[in-house]
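Below: one structure, written as structure tokens.
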Amino acid sequence: MTAEELLKQMSAEPFAEEMVCCVIDPETRVIDVPAEYQLLGVESDEKVERMYFQCPKIVGDNIDLSKLALRVNFRNANDQKDQYIVDDVEISGDNITFSWLLSRRVTQYKGNVSFIVCAVKASGEEITNEWNTTLATAQVLEGLEADITLPEEDTDVVKQLIAVATQKITDVQNATSSANTAASNADIKAQEAANAAEDARGVIDQITKDSYLHTTTQTFVDTVKASPTAYGNAIPEQIEGYIKQDTTKGLQLFDAKTVLSSQIQSKVLTCNNDGSVTLDGEITGSNRNFTIQLSAGTYYFNEKDKIFHTLVNGDDLWNKPYTFETDTTIKCYIANGEYGNIKIYPMINKGDSPLSIEPYTGGQPSPNPDYPQIVHGVGDMGFFDGELLQGYYQVSDGTFKPATVALCNKNPIPCKPGDKIIFEYEDVINGSGISIFFYKSDGTFISRVNKVGVRKIEGVAPQDTTYCNIVINPVSEPIPVASAKHITVTINDKYAVCVKSKGKNLLNLTGEILYSFGRETIFDNQVTINPTTDGRTAPGVWFILGDIKKFLGKTIYVKADAIQRSGNYNPRMLLMTIKGNTSVRTYLTYSYSKAGQVMSVKIPDDLDTNEASDLALNMYVNDGSSQVDADAYAIFTNVYAGLSEPTNEFVPYQSNVTYIPVDYPLFEGDKIVRRNGEYKLLRKWKQEVFDGSEDEGWVQGKSNTNQFYTSQYKEKKVNADIVSNRFKHATSVEPPSIWIGNDINIYFESGYLDNNTIAGFQEWLQENPVSCVYELATPTEEPLSSEAMKALYSIMACDEETELTIVGVPSDAEIQNQFLLPRNEDGALNTTAYCTAKRNEIALEELVSQSLDARVNKLEVDNESLNLQTLIVE
């Protein structure tokens with residue numbers, strides 16, 4: 001023995017000298033079980049033997065086991081699995097020592113017991129480190145015990161956690177009592193209450209880290225592995241960004257918006273921002289005429305619906321080419337007739353053949369300075385999620401009124417008192433202008449802000465505000481939903497990624513009813529179907545389940561727990577696709593009428609979806625005759641429709657919407673990712689809006705006075721892509737364009753600016769802000785704000801299968817817009833339980849920052865919410 005080894009032995013702790021230990025080899029992961037521990041006891045022993053372990057403190061890649069939570073995972077002789085949480089770790093020189101108190105769960109059956117040691121470190125809902133040994137075995141001898149049945153849920157882990165939680169709750173109650181009776185010593189008692197809250201939060205941490213170790217579902221394959229994703233499974237691993245911008249080639253020479261709006265005085269006709277024209281109503285007489293000026297040349301007149309007409313020498317020019325030898329003004333007209341909300345796309349282009357239809361952009365490719373094109377990314381609408389209605393909110397009381405002229409948002413925009421709300425539309429609006437309406441939580445109208453003749457307004461949410469709505473109300477010309485090309489709502493200068501979640505049951509009884517042909521009453525997961533008073537065939541109601549395209553090739557399951565009927569009238573259900581309108585539909589199932597029966601239908605992969613829009617569920621009552629008596633009825637209760645088979649326990653419809661605030665939208669390569677349980681925002685792109693302010697540092701070119709450049713933005717990637725709303729990207733001087741070298745450069749065509757100076761350019765920017773997105777020289781990574789983290793946790797309210805949708809992402813964006821997140825195979829802690837624990841943790845964090853009185857009151861009210869058993873059951 002060397003002197004060094006002797007000194008080390010002499011300095012060892014008495015624990016290591018006196019106690020026989022199972023020694024763990026950190027390299028081979030083998031547990032050396034000495035002879036003293038080869039026998040664990042006799043059948044049904046209860047906490048009379050303790051096994052000791054010793055292991056080097058530092059293992060693997062400099063992992064300190066003393067800072068990890070240690071457990072002994074075991075499988076008894078009857079193949080039942082459980083776990084013991086180590087609570088006596090000690091440091092002995094370079095080693096750690098700990099023990100395992102053997103319970104009846106270990107010794108319940110005679111035979112071999114397998115076990116490992118597992119060390120885990122968790123951050124939030126994610127395991128960051130996990131270290132395991134390989135299997136070791138020991139024996140339990142045969143005994144004699146009266147018949148005893150231990151419930152499966154009565155496990156070592158549960159009993160340990162309940163004991164710890166009981167003590168922590170007692171600590172909180174004691175601290176509350178002390179704080180009440182010792183207000184004169186407020187600082188000390190406040191700290192005691194804070195410490196108790198911190199301890200209670202620790203219990204919740206332990207729950208979220210340990211509860212996934214479900215005793216009956218762990219799998220042994222050489223080693224016992226705990227699932228790291230059994231909680232938090234209703235949050236996507238990442239949310240990706242994208243870049244998309246509408247562009248045109250400048251082929252369209254017919255400016256319908258200018259020509260038709262100025263020449264035809266008719267409320268029947270609406271010119272949309274996408275180049276289309278909507279006709280809704282009757283057109284007759286002189287107000288159907290308009291003229292077009294064309295220079296000499298050959299043109300093709302394209303309008304496939306044959307509603308526009310132009311007669312030259314008795315020949316109708318539309319849908320054929322025509323050559324004009326000189327500059328010509330031609331007279332056109334719209335065919336007389338009654339039009340039912342029809343949309344047409346008239347196009348005039350140069351040449352003798354039709355070209356791709358596009359909106360008018362001045363005869364020049366767009367984006368261009370006069371015809372901007374929005375740069376889209378995830379969250380580009382801000383806190384507005386894109387749901388629009390034809391109608392407005394009344395100034396007097398804020399109530400909604402349908403109207404064909406005005407446009408407003410369908411879903412409330414959440415905000416709180418003091419929030420700065422900015423609402424921006426793409427066009428200047430006269431008439432009643434644009435407005436923001438503020439409301440209380442019960443829907444009571446508070447006030448509004450309004451401006452006329454602008455594109456952008458700003459308002460501060462007043463006291464008691466919980467949400468707001470927006471209205472666009474022009475003078476007379478309607479703004480259809482399809483025509484509203486881009487709306488942005490930001491809160492406190494923040495955009496937002498809008499995420500919607502939908503649970504396992506896809507049937508929303510309070511959602512959109514596609515069609516009703518009877519009388520229905522909907523209350524508390526129950527639908528009652530009655531005929532009309534005069535009786536009719538198969539009274540019922542159709543509920544929309546979603547776009548048929550996302551169901552192709554999948555099986556839909558439908559079940560109603562109880563169905564009541566009167567007489568011989570059978571309640572029935574049908575799944576159907578709705579093609580474009582309610583009069584054309586395809587039935588996918590046969591009648592269904594047995595209570596509790598599960599109906600399943602596979603949607604064909606090759607279903608024609610050219611016209612189809614929705615999958616609907618039809619609930620109706622029928623006896624097969626042509627008429628149903630007026631007193632016939634059917635009651636459907638606890639109706640389920642989903643992508644997986646229903647269980648005996650009814651799962652109600654669940655849905656949530658949350659907004660993750662960001663400084664600007666997520667573009668291609670930008671991501672919100674989850675790393676080791678923490679969400680981070682990765683940025684490849686930066687967005688800037690140039691509005692002519694002095695701090696932008698613009699300089700005019702000397703050799704080319706149509707060039708303006710700035711070197712203020714140092715973080716840009718040199719010679720990289722730049723995407724702008726008003727200029728196309730170029731790599732050289734190609735006006736009008738924008739490009740990045742050492743500076744950000746904007747080039748105009750010669751003579752475009754009325755005042756071709758720095759002052760003139762800044763004045764132009766003030767009236768025509770230039771938005772651009774450019775690549776960063778070095779991508780950035782930053783943690784999400786606490787507000788954003790809370791928003792992400794709030795979406796975890798849908799149990800089991802949860803579908804998450806990132807709102808506003810088009811289907812052709814080539815990123816994953818929807819996430820279907822199934823419950824873990826181990827079936828352990830579900831998202832509802834985790835959500836409960838997380839909300840308690842957040843409440844405790846807020847409690848610590850409050851005053852003593854507020855803290856004491858909160859503790860008194862919420863003590864019961866910390867009950868561990870409730871958390872485990874949920």
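Identifiers in this document derive from the order of the structure tokens: chains are assigned A, B, ..., residues are numbered from 1 separately in each chain, and ligands are numbered from 1 in order of occurrence.
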Legend entry - Nearby residues (only C-alpha atoms) at most 8 Å from A:Asn302, same-chain spacing under 4 positions excluded, as a ChimeraX atom specification: /A:318-320,346-348,354
Legend entry - Spatial neighbours of A:Ile487, max dist 7 Å, only C-alpha atoms, sep filter under 3 positions, as a count of residues only: 4
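As for atom CA of A:Ala138 and atom CA of A:Pro56, they are spaced 22.5 Å apart.
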Legend entry - Which of A:Val59, A:Val48, A:Val454, A:Val471 sits closest to A:Arg104 [using only C-alpha atoms]: A:Val48
Using only C-alpha atoms, which residues of stretch 775-815 of chain A come within 12 Å of stretch 739-752 of chain A, and what is the closest atom pair for each, with the distance in Å to one decimal? Give it as JSON lines, sorted by chain and residue number.
```
{"residue": "A:Glu775", "atom": "CA", "partner": "A:Ile740", "partner_atom": "CA", "distance": 9.7}
{"residue": "A:Leu776", "atom": "CA", "partner": "A:Ile740", "partner_atom": "CA", "distance": 11.4}
{"residue": "A:Ala777", "atom": "CA", "partner": "A:Asn742", "partner_atom": "CA", "distance": 11.5}
```
Legend entry - Residue contacts of A:Glu282 (8 Å, only C-alpha atoms) excluding same-chain residues fewer than 4 positions away, as a PyMOL selection string: chain A and resi 268+336-339
Inset, instruction - List every residue of stretch 257-496 of chain A that DSSP, applied to the backbone of this structure, assigns to strand (DSSP E or B), and report them as a count of residues only. - result: 124
